[in-house]
Amino acid sequence: MQVKLSFLGASQNVTGSRFLLEANNTRLLVDCGLFQERKLRYRNWEPLPFDPGSIDAVLLTHAHVDHCGLIPKLVREGFRGNIYCTAATAEITKIILLDSAHLQEEDAEFKKRRHEREKRKGPFPEMPLYTTQDAEASLPLFSPVNYREVVQVGEGIKATFHDAGHVLGSSMIRVTVTRQGETRNILFSGDVGREDKPILKDPSTFEDIDYAVIESTYGNRIHDEPPDISESLAEIINSTWRAGGNIIIPSFALQRAQEILYYMNELLMENRIPHLMVFLDSPMAIRVTEVFNQHRELFDKEMSQLMSDKNSPFDFSGLNMVRTAEESKALNHIKGTIMIIAGSGMCTGGRIKHHLVSNITRPESTILFIGYQAVGTLGRSIVDGVKKVRILGRRYPVRARVTRIGGFSAHADRDELLRWISGVTPRRVFVVHGETKSAKEFGRFLRQEKGWKVTVPEYGTEVALE
Ligand SMILES: [Zn+2]
């Protein structure tokens, strides 16, 4: 058996997922993500580490930008094959790539102006990494597949996609290579979700796997005992209502926004909170929510029940979808308590900034964080409890209540990962998609617990699978 696997991203770091699998004269790329860590962003600008025209197909696990965000560059530089993924992933990825292209264009323009002003040059060209046009050119290549459907992706090579329970449409991908009567199953975990999350089904499990490429975002951590999210949310809403302020929630457009709506719907149905108005103030989150609505077959039992009882979390009384900037600005004039869910999730851009300006100095309002806030972002400074913040060029004292609810993580932790992979007896395991420390500690943990042969590959490593 001659199979070659190259680790071209998310290797001892979290972002830029990209793995090249070569077998039977076929070259497959599993994911093609954007590098997001500040110190690794230069890799987005480097020439691709393979000839894009020589790649036969892309297998895409899910729509997060660190898994799909370099596809427009791949296509611009000559890739012409199919991009296989679930229909929901294809639809959400289109939204994400167009948004990403727009951000790249804005970023290039901003840098150009700043460098002109400061009469200097930056480390990268002052042009977008890719444009809206590049993103649009990649859309016709998407080729939707169903979960468990067997897709022939090359001679003697089949791929099947299985629900990863991470975000809507997310997949774990099993690639089966057959040559001269011998067969090898290679599993790419993508991002592994968690059991009992709202809306989504639980992650799929496997038995017959020869090689596994496993993520390790939380490979050296155990999630805290899950807080009662409904209970915490109800307390925050009720006390903010009594104080007469607003509840402002910075949120990611995919999955997190829909989960908050899910909990709000539940609390309203159970009459545990007043019937306040809820505004989803993010065109991107609204479009993603439409994709959720069109893919009800992906919902778990509880969510399907809600839909068939006409109790959709995406259509409850009091929920408003805010599309235009004018409508968004008008929210500031509403009297009484409202909830505003807006992007970006870490407050680095988007409409959330305006709502922070209107609420952060009001002691009666609450800023509620439900997602991870990276170091250096506005969201992180607010969570860390700074007394004053700079928003849109002005400084504001932080007087609002600042709080967070944990337990929303979409990644399995160390023990959940172990439980998920326990059914297999692999020849070898590769640990990826985690900081070096996390990946190595998870690798050690797997060796101890299972006695498996485990490798934590570095960026650029090539391995022959036998
Ligand atoms: Zn992800």
# chains A, B, ... in the order shown; residues from 1 in each chain; ligands from 1
>>> residues_around(residues="stretch 50-52 of chain A", least_positions_apart="5", cutoff="10 Å", atoms="only C-alpha atoms", output="PyMOL selection string")
chain A and resi 8+20+29+73-81
>>> write_last_selection(atoms="all heavy atoms", output="CSV table (one decimal), in the first residue's frame")
chain,number,residue,atom,x,y,z
A,8,LEU,N,-0.2,20.0,6.2
A,8,LEU,CA,0.1,21.4,5.7
A,8,LEU,C,-0.6,22.5,6.4
A,8,LEU,O,-0.9,23.5,5.8
A,8,LEU,CB,-0.2,21.4,4.1
A,8,LEU,CG,0.5,20.2,3.4
A,8,LEU,CD1,0.1,20.3,1.9
A,8,LEU,CD2,2.0,20.4,3.4
A,20,LEU,N,-2.8,16.8,2.8
A,20,LEU,CA,-2.8,16.3,1.4
A,20,LEU,C,-2.6,14.8,1.5
A,20,LEU,O,-1.7,14.3,2.1
A,20,LEU,CB,-1.6,17.0,0.7
A,20,LEU,CG,-1.3,16.5,-0.7
A,20,LEU,CD1,-2.5,16.8,-1.6
A,20,LEU,CD2,0.0,17.1,-1.3
A,29,LEU,N,-7.1,17.0,-1.2
A,29,LEU,CA,-6.8,17.9,-0.1
A,29,LEU,C,-8.0,17.9,0.9
A,29,LEU,O,-9.2,18.0,0.5
A,29,LEU,CB,-6.7,19.4,-0.7
A,29,LEU,CG,-6.0,20.4,0.1
A,29,LEU,CD1,-4.6,20.0,0.4
A,29,LEU,CD2,-6.0,21.7,-0.7
A,73,LYS,N,-8.3,31.2,-2.8
A,73,LYS,CA,-6.9,31.3,-3.3
A,73,LYS,C,-6.6,30.1,-4.1
A,73,LYS,O,-6.0,30.1,-5.1
A,73,LYS,CB,-5.9,31.5,-2.1
A,73,LYS,CG,-4.5,31.4,-2.5
A,73,LYS,CD,-3.6,31.9,-1.4
A,73,LYS,CE,-2.1,31.5,-1.7
A,73,LYS,NZ,-1.1,32.2,-1.0
A,74,LEU,N,-6.9,28.9,-3.6
A,74,LEU,CA,-6.7,27.6,-4.2
A,74,LEU,C,-7.3,27.6,-5.6
A,74,LEU,O,-6.7,27.2,-6.6
A,74,LEU,CB,-7.3,26.5,-3.4
A,74,LEU,CG,-7.1,25.1,-3.9
A,74,LEU,CD1,-5.7,24.6,-3.6
A,74,LEU,CD2,-8.1,24.1,-3.2
A,75,VAL,N,-8.5,28.2,-5.7
A,75,VAL,CA,-9.2,28.2,-7.0
A,75,VAL,C,-8.6,29.2,-8.0
A,75,VAL,O,-8.3,29.0,-9.1
A,75,VAL,CB,-10.7,28.4,-6.8
A,75,VAL,CG1,-11.4,28.6,-8.2
A,75,VAL,CG2,-11.3,27.3,-6.0
A,76,ARG,N,-8.2,30.4,-7.4
A,76,ARG,CA,-7.6,31.4,-8.2
A,76,ARG,C,-6.3,30.9,-8.8
A,76,ARG,O,-5.9,31.3,-9.9
A,76,ARG,CB,-7.4,32.7,-7.4
A,76,ARG,CG,-6.9,33.9,-8.2
A,76,ARG,CD,-6.5,35.0,-7.4
A,76,ARG,NE,-5.4,34.7,-6.5
A,76,ARG,CZ,-5.2,35.2,-5.3
A,76,ARG,NH1,-6.0,36.1,-4.8
A,76,ARG,NH2,-4.2,34.9,-4.5
A,77,GLU,N,-5.6,30.1,-8.1
A,77,GLU,CA,-4.3,29.6,-8.5
A,77,GLU,C,-4.4,28.3,-9.3
A,77,GLU,O,-3.3,27.7,-9.5
A,77,GLU,CB,-3.3,29.6,-7.4
A,77,GLU,CG,-3.4,30.9,-6.7
A,77,GLU,CD,-2.2,31.3,-5.9
A,77,GLU,OE1,-1.3,30.5,-5.6
A,77,GLU,OE2,-2.0,32.5,-5.7
A,78,GLY,N,-5.6,27.9,-9.7
A,78,GLY,CA,-5.6,26.8,-10.7
A,78,GLY,C,-6.4,25.5,-10.3
A,78,GLY,O,-6.5,24.6,-11.1
A,79,PHE,N,-6.9,25.4,-9.1
A,79,PHE,CA,-7.7,24.2,-8.7
A,79,PHE,C,-9.0,24.2,-9.5
A,79,PHE,O,-9.7,25.2,-9.5
A,79,PHE,CB,-7.9,24.2,-7.2
A,79,PHE,CG,-8.9,23.1,-6.8
A,79,PHE,CD1,-8.5,21.8,-6.8
A,79,PHE,CD2,-10.2,23.4,-6.4
A,79,PHE,CE1,-9.4,20.7,-6.5
A,79,PHE,CE2,-11.1,22.4,-6.1
A,79,PHE,CZ,-10.7,21.1,-6.1
A,80,ARG,N,-9.3,23.1,-10.1
A,80,ARG,CA,-10.6,23.0,-10.9
A,80,ARG,C,-11.4,21.8,-10.5
A,80,ARG,O,-12.4,21.5,-11.2
A,80,ARG,CB,-10.2,22.9,-12.4
A,80,ARG,CG,-9.7,24.2,-13.0
A,80,ARG,CD,-10.7,25.3,-13.0
A,80,ARG,NE,-10.1,26.6,-13.4
A,80,ARG,CZ,-9.6,27.5,-12.5
A,80,ARG,NH1,-9.6,27.3,-11.2
A,80,ARG,NH2,-9.0,28.6,-13.0
A,81,GLY,N,-11.1,21.0,-9.5
A,81,GLY,CA,-11.8,19.8,-9.1
A,81,GLY,C,-13.1,20.1,-8.3
A,81,GLY,O,-13.5,21.3,-8.2
>>> residues_near_ligand(ligand="ligand 1", cutoff="12 Å", atoms="only C-alpha atoms and all ligand atoms", output="ChimeraX atom specification")
/A:10,14-17,31,33-34,60-69,89,93,164-172,189-193,215-217,252,254-256,409-412,433-434
>>> closest_residue(among="A:Tyr84, A:Phe19, A:Phe442, A:Phe279", to="A:Asn246", atoms="only C-alpha atoms")
A:Phe279
>>> atom_distance(atom1="atom CA of A:Ile71", atom2="atom CA of A:Leu465")
26.3 Å
>>> closest_residue(among="A:Phe292, A:Phe369, A:Tyr42, A:Phe7", to="A:Gly343", atoms="only C-alpha atoms")
A:Phe369
>>> select_by_dssp(residues="stretch 14-247 of chain A", states="strand (DSSP E)", output="compact mmCIF listing (two decimals) with N, CA, C and O atoms, in the first residue's frame")
# COMPACT_ATOMS: atom_id res chain seq x y z
N PHE A 19 -4.65 19.07 4.80
CA PHE A 19 -3.93 17.79 4.74
C PHE A 19 -3.99 17.27 3.31
O PHE A 19 -5.06 17.27 2.70
N LEU A 20 -2.84 16.85 2.80
CA LEU A 20 -2.78 16.33 1.44
C LEU A 20 -2.63 14.81 1.49
O LEU A 20 -1.70 14.30 2.10
N LEU A 21 -3.57 14.12 0.86
CA LEU A 21 -3.56 12.66 0.84
C LEU A 21 -3.32 12.20 -0.60
O LEU A 21 -4.08 12.57 -1.50
N GLU A 22 -2.25 11.44 -0.80
CA GLU A 22 -1.92 10.98 -2.15
C GLU A 22 -1.94 9.47 -2.21
O GLU A 22 -1.25 8.81 -1.41
N ALA A 23 -2.73 8.92 -3.13
CA ALA A 23 -2.80 7.47 -3.29
C ALA A 23 -3.35 7.16 -4.67
O ALA A 23 -4.14 7.96 -5.21
N THR A 26 -3.93 9.76 -7.22
CA THR A 26 -4.94 10.78 -6.95
C THR A 26 -4.43 11.65 -5.80
O THR A 26 -3.80 11.15 -4.87
N ARG A 27 -4.69 12.96 -5.93
CA ARG A 27 -4.26 13.87 -4.86
C ARG A 27 -5.49 14.58 -4.29
O ARG A 27 -6.21 15.28 -5.01
N LEU A 28 -5.71 14.35 -3.00
CA LEU A 28 -6.88 14.93 -2.34
C LEU A 28 -6.43 15.89 -1.25
O LEU A 28 -5.50 15.59 -0.50
N LEU A 29 -7.13 17.01 -1.18
CA LEU A 29 -6.85 17.95 -0.11
C LEU A 29 -8.01 17.87 0.88
O LEU A 29 -9.17 18.03 0.48
N VAL A 30 -7.71 17.58 2.14
CA VAL A 30 -8.75 17.59 3.16
C VAL A 30 -8.67 18.94 3.86
O VAL A 30 -7.67 19.25 4.51
N ALA A 57 -9.41 16.73 -5.96
CA ALA A 57 -10.64 17.12 -5.26
C ALA A 57 -10.29 17.63 -3.86
O ALA A 57 -9.24 17.29 -3.31
N VAL A 58 -11.21 18.46 -3.33
CA VAL A 58 -11.10 18.89 -1.93
C VAL A 58 -12.22 18.22 -1.15
O VAL A 58 -13.36 18.14 -1.63
N LEU A 59 -11.89 17.68 0.01
CA LEU A 59 -12.91 17.16 0.92
C LEU A 59 -12.97 18.14 2.09
O LEU A 59 -11.98 18.34 2.79
N ASN A 82 -13.68 19.06 -7.84
CA ASN A 82 -14.86 19.22 -7.01
C ASN A 82 -14.46 19.49 -5.57
O ASN A 82 -13.44 19.00 -5.10
N ILE A 83 -15.31 20.28 -4.89
CA ILE A 83 -15.15 20.47 -3.44
C ILE A 83 -16.32 19.72 -2.80
O ILE A 83 -17.46 20.17 -2.87
N TYR A 84 -16.03 18.54 -2.23
CA TYR A 84 -17.08 17.73 -1.65
C TYR A 84 -17.33 18.13 -0.19
O TYR A 84 -16.39 18.27 0.59
N CYS A 85 -18.59 18.31 0.16
CA CYS A 85 -18.99 18.57 1.54
C CYS A 85 -20.49 18.41 1.61
O CYS A 85 -21.14 18.24 0.58
N THR A 86 -21.07 18.47 2.80
CA THR A 86 -22.52 18.36 2.90
C THR A 86 -23.16 19.62 2.31
O THR A 86 -22.51 20.67 2.20
N PHE A 142 -18.44 23.63 -5.59
CA PHE A 142 -18.98 22.89 -4.44
C PHE A 142 -19.92 21.79 -4.92
O PHE A 142 -20.77 22.00 -5.76
N SER A 143 -19.72 20.61 -4.35
CA SER A 143 -20.44 19.44 -4.80
C SER A 143 -21.01 18.72 -3.58
O SER A 143 -20.32 17.99 -2.89
N PRO A 144 -22.30 19.00 -3.27
CA PRO A 144 -22.86 18.50 -2.01
C PRO A 144 -23.04 16.99 -1.96
O PRO A 144 -23.41 16.37 -2.96
N VAL A 145 -22.77 16.41 -0.81
CA VAL A 145 -22.97 14.98 -0.58
C VAL A 145 -23.78 14.80 0.70
O VAL A 145 -23.82 15.68 1.55
N VAL A 151 -18.83 8.31 -1.83
CA VAL A 151 -18.46 9.13 -2.97
C VAL A 151 -17.14 8.61 -3.55
O VAL A 151 -16.15 8.48 -2.84
N GLN A 152 -17.15 8.31 -4.83
CA GLN A 152 -15.92 7.86 -5.50
C GLN A 152 -15.09 9.11 -5.81
O GLN A 152 -15.52 9.95 -6.60
N VAL A 153 -13.94 9.26 -5.17
CA VAL A 153 -13.16 10.49 -5.38
C VAL A 153 -11.89 10.25 -6.18
O VAL A 153 -11.13 11.18 -6.43
N GLY A 154 -11.66 9.01 -6.58
CA GLY A 154 -10.50 8.68 -7.38
C GLY A 154 -10.54 7.19 -7.63
O GLY A 154 -11.41 6.49 -7.06
N ILE A 157 -10.59 4.92 -4.60
CA ILE A 157 -10.65 5.78 -3.41
C ILE A 157 -12.08 6.27 -3.20
O ILE A 157 -12.69 6.86 -4.09
N LYS A 158 -12.59 5.97 -2.02
CA LYS A 158 -13.94 6.40 -1.68
C LYS A 158 -13.90 7.28 -0.45
O LYS A 158 -13.05 7.09 0.42
N ALA A 159 -14.84 8.21 -0.37
CA ALA A 159 -14.94 9.05 0.83
C ALA A 159 -16.37 8.98 1.34
O ALA A 159 -17.32 8.96 0.55
N THR A 160 -16.52 8.92 2.67
CA THR A 160 -17.86 9.06 3.25
C THR A 160 -17.81 10.10 4.36
O THR A 160 -16.83 10.19 5.11
N PHE A 161 -18.87 10.89 4.43
CA PHE A 161 -18.97 11.99 5.40
C PHE A 161 -19.92 11.55 6.51
O PHE A 161 -20.96 10.97 6.24
N HIS A 162 -19.54 11.85 7.75
CA HIS A 162 -20.35 11.45 8.90
C HIS A 162 -20.53 12.66 9.82
O HIS A 162 -19.60 13.45 9.99
N ASP A 163 -21.69 12.76 10.42
CA ASP A 163 -22.02 13.92 11.26
C ASP A 163 -21.02 14.07 12.41
O ASP A 163 -20.81 13.14 13.19
N SER A 171 -18.61 17.59 9.34
CA SER A 171 -18.36 16.18 9.05
C SER A 171 -17.03 15.69 9.59
O SER A 171 -16.07 16.44 9.71
N MET A 172 -17.03 14.39 9.87
CA MET A 172 -15.80 13.62 9.97
C MET A 172 -15.75 12.86 8.65
O MET A 172 -16.78 12.42 8.15
N ILE A 173 -14.56 12.73 8.08
CA ILE A 173 -14.49 12.13 6.75
C ILE A 173 -13.65 10.86 6.80
O ILE A 173 -12.51 10.88 7.26
N ARG A 174 -14.26 9.76 6.30
CA ARG A 174 -13.49 8.51 6.19
C ARG A 174 -13.11 8.30 4.73
O ARG A 174 -13.97 8.30 3.86
N VAL A 175 -11.82 8.16 4.48
CA VAL A 175 -11.34 7.90 3.13
C VAL A 175 -10.88 6.45 3.07
O VAL A 175 -10.08 6.01 3.91
N THR A 176 -11.40 5.71 2.11
CA THR A 176 -11.05 4.29 1.97
C THR A 176 -10.24 4.11 0.69
O THR A 176 -10.73 4.42 -0.40
N VAL A 177 -9.01 3.64 0.85
CA VAL A 177 -8.13 3.44 -0.30
C VAL A 177 -7.99 1.94 -0.54
O VAL A 177 -7.66 1.18 0.38
N THR A 178 -8.28 1.52 -1.77
CA THR A 178 -8.13 0.10 -2.11
C THR A 178 -7.11 -0.04 -3.23
O THR A 178 -7.15 0.72 -4.20
N ARG A 179 -6.18 -0.98 -3.05
CA ARG A 179 -5.15 -1.19 -4.06
C ARG A 179 -4.69 -2.64 -3.99
O ARG A 179 -4.35 -3.12 -2.91
N GLU A 182 -5.93 -4.81 -1.23
CA GLU A 182 -5.75 -4.34 0.15
C GLU A 182 -6.52 -3.05 0.36
O GLU A 182 -6.63 -2.23 -0.54
N THR A 183 -7.02 -2.87 1.59
CA THR A 183 -7.83 -1.68 1.88
C THR A 183 -7.33 -0.98 3.14
O THR A 183 -6.93 -1.65 4.10
N ARG A 184 -7.32 0.33 3.11
CA ARG A 184 -6.98 1.11 4.32
C ARG A 184 -8.04 2.19 4.52
O ARG A 184 -8.41 2.89 3.57
N ASN A 185 -8.48 2.32 5.77
CA ASN A 185 -9.43 3.37 6.12
C ASN A 185 -8.72 4.47 6.88
O ASN A 185 -8.08 4.21 7.90
N ILE A 186 -8.84 5.68 6.38
CA ILE A 186 -8.18 6.83 7.02
C ILE A 186 -9.28 7.79 7.47
O ILE A 186 -10.11 8.21 6.65
N LEU A 187 -9.26 8.12 8.75
CA LEU A 187 -10.31 8.99 9.29
C LEU A 187 -9.77 10.39 9.58
O LEU A 187 -8.76 10.53 10.27
N PHE A 188 -10.44 11.40 9.06
CA PHE A 188 -10.13 12.79 9.41
C PHE A 188 -11.25 13.27 10.33
O PHE A 188 -12.40 13.34 9.93
N TYR A 211 -5.98 4.46 10.16
CA TYR A 211 -5.23 5.67 10.51
C TYR A 211 -6.23 6.77 10.89
O TYR A 211 -7.23 6.95 10.19
N ALA A 212 -5.95 7.49 11.96
CA ALA A 212 -6.87 8.56 12.36
C ALA A 212 -6.10 9.86 12.54
O ALA A 212 -5.03 9.88 13.14
N VAL A 213 -6.65 10.93 11.97
CA VAL A 213 -6.09 12.28 12.13
C VAL A 213 -7.08 13.02 13.04
O VAL A 213 -8.21 13.28 12.64
N ILE A 214 -6.65 13.28 14.28
CA ILE A 214 -7.60 13.75 15.30
C ILE A 214 -7.27 15.15 15.79
O ILE A 214 -6.11 15.46 16.08
N GLU A 215 -8.30 15.96 15.91
CA GLU A 215 -8.11 17.32 16.44
C GLU A 215 -7.83 17.28 17.95
O GLU A 215 -8.15 16.30 18.62
N ILE A 247 -29.85 43.77 27.16
CA ILE A 247 -28.90 42.66 27.18
C ILE A 247 -28.23 42.61 25.80
O ILE A 247 -28.91 42.44 24.79
>>> select_by_dssp(residues="stretch 268-337 of chain A", states="helix (DSSP H, G or I)", output="VMD selection string")
chain A and resid 268 to 269 283 to 294 296 to 298 301 to 308 325 to 333
>>> write_last_selection(atoms="N, CA, C and O atoms", output="CSV table (one decimal), in the first residue's frame")
chain,number,residue,atom,x,y,z
A,268,LEU,N,-38.8,31.3,27.1
A,268,LEU,CA,-40.1,32.0,26.8
A,268,LEU,C,-41.3,31.0,26.9
A,268,LEU,O,-42.3,31.3,27.5
A,269,MET,N,-41.0,29.8,26.3
A,269,MET,CA,-42.1,28.7,26.4
A,269,MET,C,-42.4,28.4,27.8
A,269,MET,O,-43.6,28.1,28.1
A,283,PRO,N,-26.6,40.4,9.6
A,283,PRO,CA,-27.1,39.8,8.3
A,283,PRO,C,-26.5,38.5,8.1
A,283,PRO,O,-27.2,37.6,7.5
A,284,MET,N,-25.3,38.3,8.5
A,284,MET,CA,-24.6,37.0,8.3
A,284,MET,C,-25.3,35.9,9.1
A,284,MET,O,-25.6,34.8,8.6
A,285,ALA,N,-25.6,36.2,10.4
A,285,ALA,CA,-26.2,35.2,11.3
A,285,ALA,C,-27.7,34.9,10.8
A,285,ALA,O,-28.1,33.8,10.8
A,286,ILE,N,-28.3,35.9,10.2
A,286,ILE,CA,-29.7,35.7,9.7
A,286,ILE,C,-29.6,34.7,8.5
A,286,ILE,O,-30.4,33.8,8.4
A,287,ARG,N,-28.6,34.9,7.6
A,287,ARG,CA,-28.5,34.0,6.4
A,287,ARG,C,-28.1,32.6,6.9
A,287,ARG,O,-28.7,31.6,6.4
A,288,VAL,N,-27.3,32.5,7.9
A,288,VAL,CA,-26.9,31.2,8.4
A,288,VAL,C,-28.1,30.5,9.0
A,288,VAL,O,-28.4,29.3,8.8
A,289,THR,N,-28.9,31.3,9.7
A,289,THR,CA,-30.2,30.7,10.3
A,289,THR,C,-31.1,30.2,9.3
A,289,THR,O,-31.8,29.2,9.5
A,290,GLU,N,-31.1,30.9,8.1
A,290,GLU,CA,-32.0,30.4,7.0
A,290,GLU,C,-31.5,29.0,6.5
A,290,GLU,O,-32.3,28.2,6.2
A,291,VAL,N,-30.2,28.8,6.5
A,291,VAL,CA,-29.6,27.5,6.2
A,291,VAL,C,-30.1,26.5,7.2
A,291,VAL,O,-30.5,25.4,6.8
A,292,PHE,N,-30.1,26.8,8.5
A,292,PHE,CA,-30.6,25.9,9.5
A,292,PHE,C,-32.0,25.5,9.1
A,292,PHE,O,-32.4,24.3,9.2
A,293,ASN,N,-32.8,26.5,8.8
A,293,ASN,CA,-34.2,26.3,8.5
A,293,ASN,C,-34.4,25.3,7.3
A,293,ASN,O,-35.4,24.6,7.3
A,294,GLN,N,-33.5,25.4,6.4
A,294,GLN,CA,-33.6,24.6,5.2
A,294,GLN,C,-33.0,23.2,5.4
A,294,GLN,O,-33.1,22.3,4.5
A,296,ARG,N,-33.6,20.8,8.1
A,296,ARG,CA,-34.2,20.3,9.4
A,296,ARG,C,-33.8,18.8,9.5
A,296,ARG,O,-33.9,18.3,10.6
A,297,GLU,N,-33.5,18.2,8.4
A,297,GLU,CA,-33.1,16.8,8.5
A,297,GLU,C,-31.8,16.6,9.4
A,297,GLU,O,-31.6,15.5,9.8
A,298,LEU,N,-31.1,17.6,9.6
A,298,LEU,CA,-29.9,17.5,10.4
A,298,LEU,C,-30.1,17.7,11.9
A,298,LEU,O,-29.2,17.6,12.7
A,301,LYS,N,-33.4,15.0,17.9
A,301,LYS,CA,-34.8,14.6,18.2
A,301,LYS,C,-35.6,15.8,18.8
A,301,LYS,O,-36.7,16.1,18.4
A,302,GLU,N,-35.0,16.4,19.8
A,302,GLU,CA,-35.7,17.5,20.6
A,302,GLU,C,-36.0,18.7,19.6
A,302,GLU,O,-37.0,19.2,19.6
A,303,MET,N,-35.0,19.0,18.8
A,303,MET,CA,-35.1,20.2,17.9
A,303,MET,C,-36.2,19.8,16.8
A,303,MET,O,-37.0,20.7,16.5
A,304,SER,N,-36.2,18.6,16.3
A,304,SER,CA,-37.2,18.2,15.3
A,304,SER,C,-38.6,18.3,15.9
A,304,SER,O,-39.5,18.7,15.3
A,305,GLN,N,-38.7,17.9,17.2
A,305,GLN,CA,-40.0,17.9,17.9
A,305,GLN,C,-40.5,19.4,18.0
A,305,GLN,O,-41.6,19.7,17.7
A,306,LEU,N,-39.6,20.3,18.4
A,306,LEU,CA,-39.9,21.7,18.4
A,306,LEU,C,-40.5,22.2,17.1
A,306,LEU,O,-41.5,22.9,17.0
A,307,MET,N,-39.8,21.8,16.0
A,307,MET,CA,-40.2,22.3,14.7
A,307,MET,C,-41.5,21.7,14.3
A,307,MET,O,-42.4,22.4,13.8
A,308,SER,N,-41.8,20.4,14.6
A,308,SER,CA,-43.1,19.9,14.2
A,308,SER,C,-44.2,20.3,15.1
A,308,SER,O,-45.3,20.4,14.7
A,325,ALA,N,-28.8,48.5,8.1
A,325,ALA,CA,-28.1,49.3,9.1
A,325,ALA,C,-29.0,50.4,9.7
A,325,ALA,O,-28.9,50.7,10.9
A,326,GLU,N,-30.0,50.9,9.0
A,326,GLU,CA,-31.0,51.8,9.5
A,326,GLU,C,-31.8,51.2,10.7
A,326,GLU,O,-32.0,51.8,11.7
A,327,GLU,N,-32.3,50.0,10.4
A,327,GLU,CA,-33.0,49.2,11.4
A,327,GLU,C,-32.2,49.0,12.6
A,327,GLU,O,-32.6,49.1,13.8
A,328,SER,N,-30.9,48.7,12.4
A,328,SER,CA,-30.0,48.4,13.5
A,328,SER,C,-29.8,49.7,14.4
A,328,SER,O,-29.9,49.6,15.6
A,329,LYS,N,-29.6,50.8,13.7
A,329,LYS,CA,-29.5,52.1,14.5
A,329,LYS,C,-30.7,52.4,15.3
A,329,LYS,O,-30.6,53.0,16.4
A,330,ALA,N,-31.9,52.1,14.7
A,330,ALA,CA,-33.1,52.5,15.3
A,330,ALA,C,-33.3,51.7,16.6
A,330,ALA,O,-34.1,52.1,17.5
A,331,LEU,N,-32.6,50.6,16.8
A,331,LEU,CA,-32.7,49.8,18.1
A,331,LEU,C,-32.4,50.7,19.3
A,331,LEU,O,-32.9,50.5,20.4
A,332,ASN,N,-31.5,51.7,19.1
A,332,ASN,CA,-31.1,52.5,20.2
A,332,ASN,C,-32.2,53.4,20.8
A,332,ASN,O,-32.1,53.9,21.9
A,333,HIS,N,-33.3,53.5,20.0
A,333,HIS,CA,-34.4,54.4,20.5
A,333,HIS,C,-35.5,53.6,21.1
A,333,HIS,O,-36.5,54.2,21.6
>>> closest_residue(among="A:Ile391, A:Gly244, A:Ile222, A:Ile199", to="A:Phe314", atoms="only C-alpha atoms")
A:Ile199
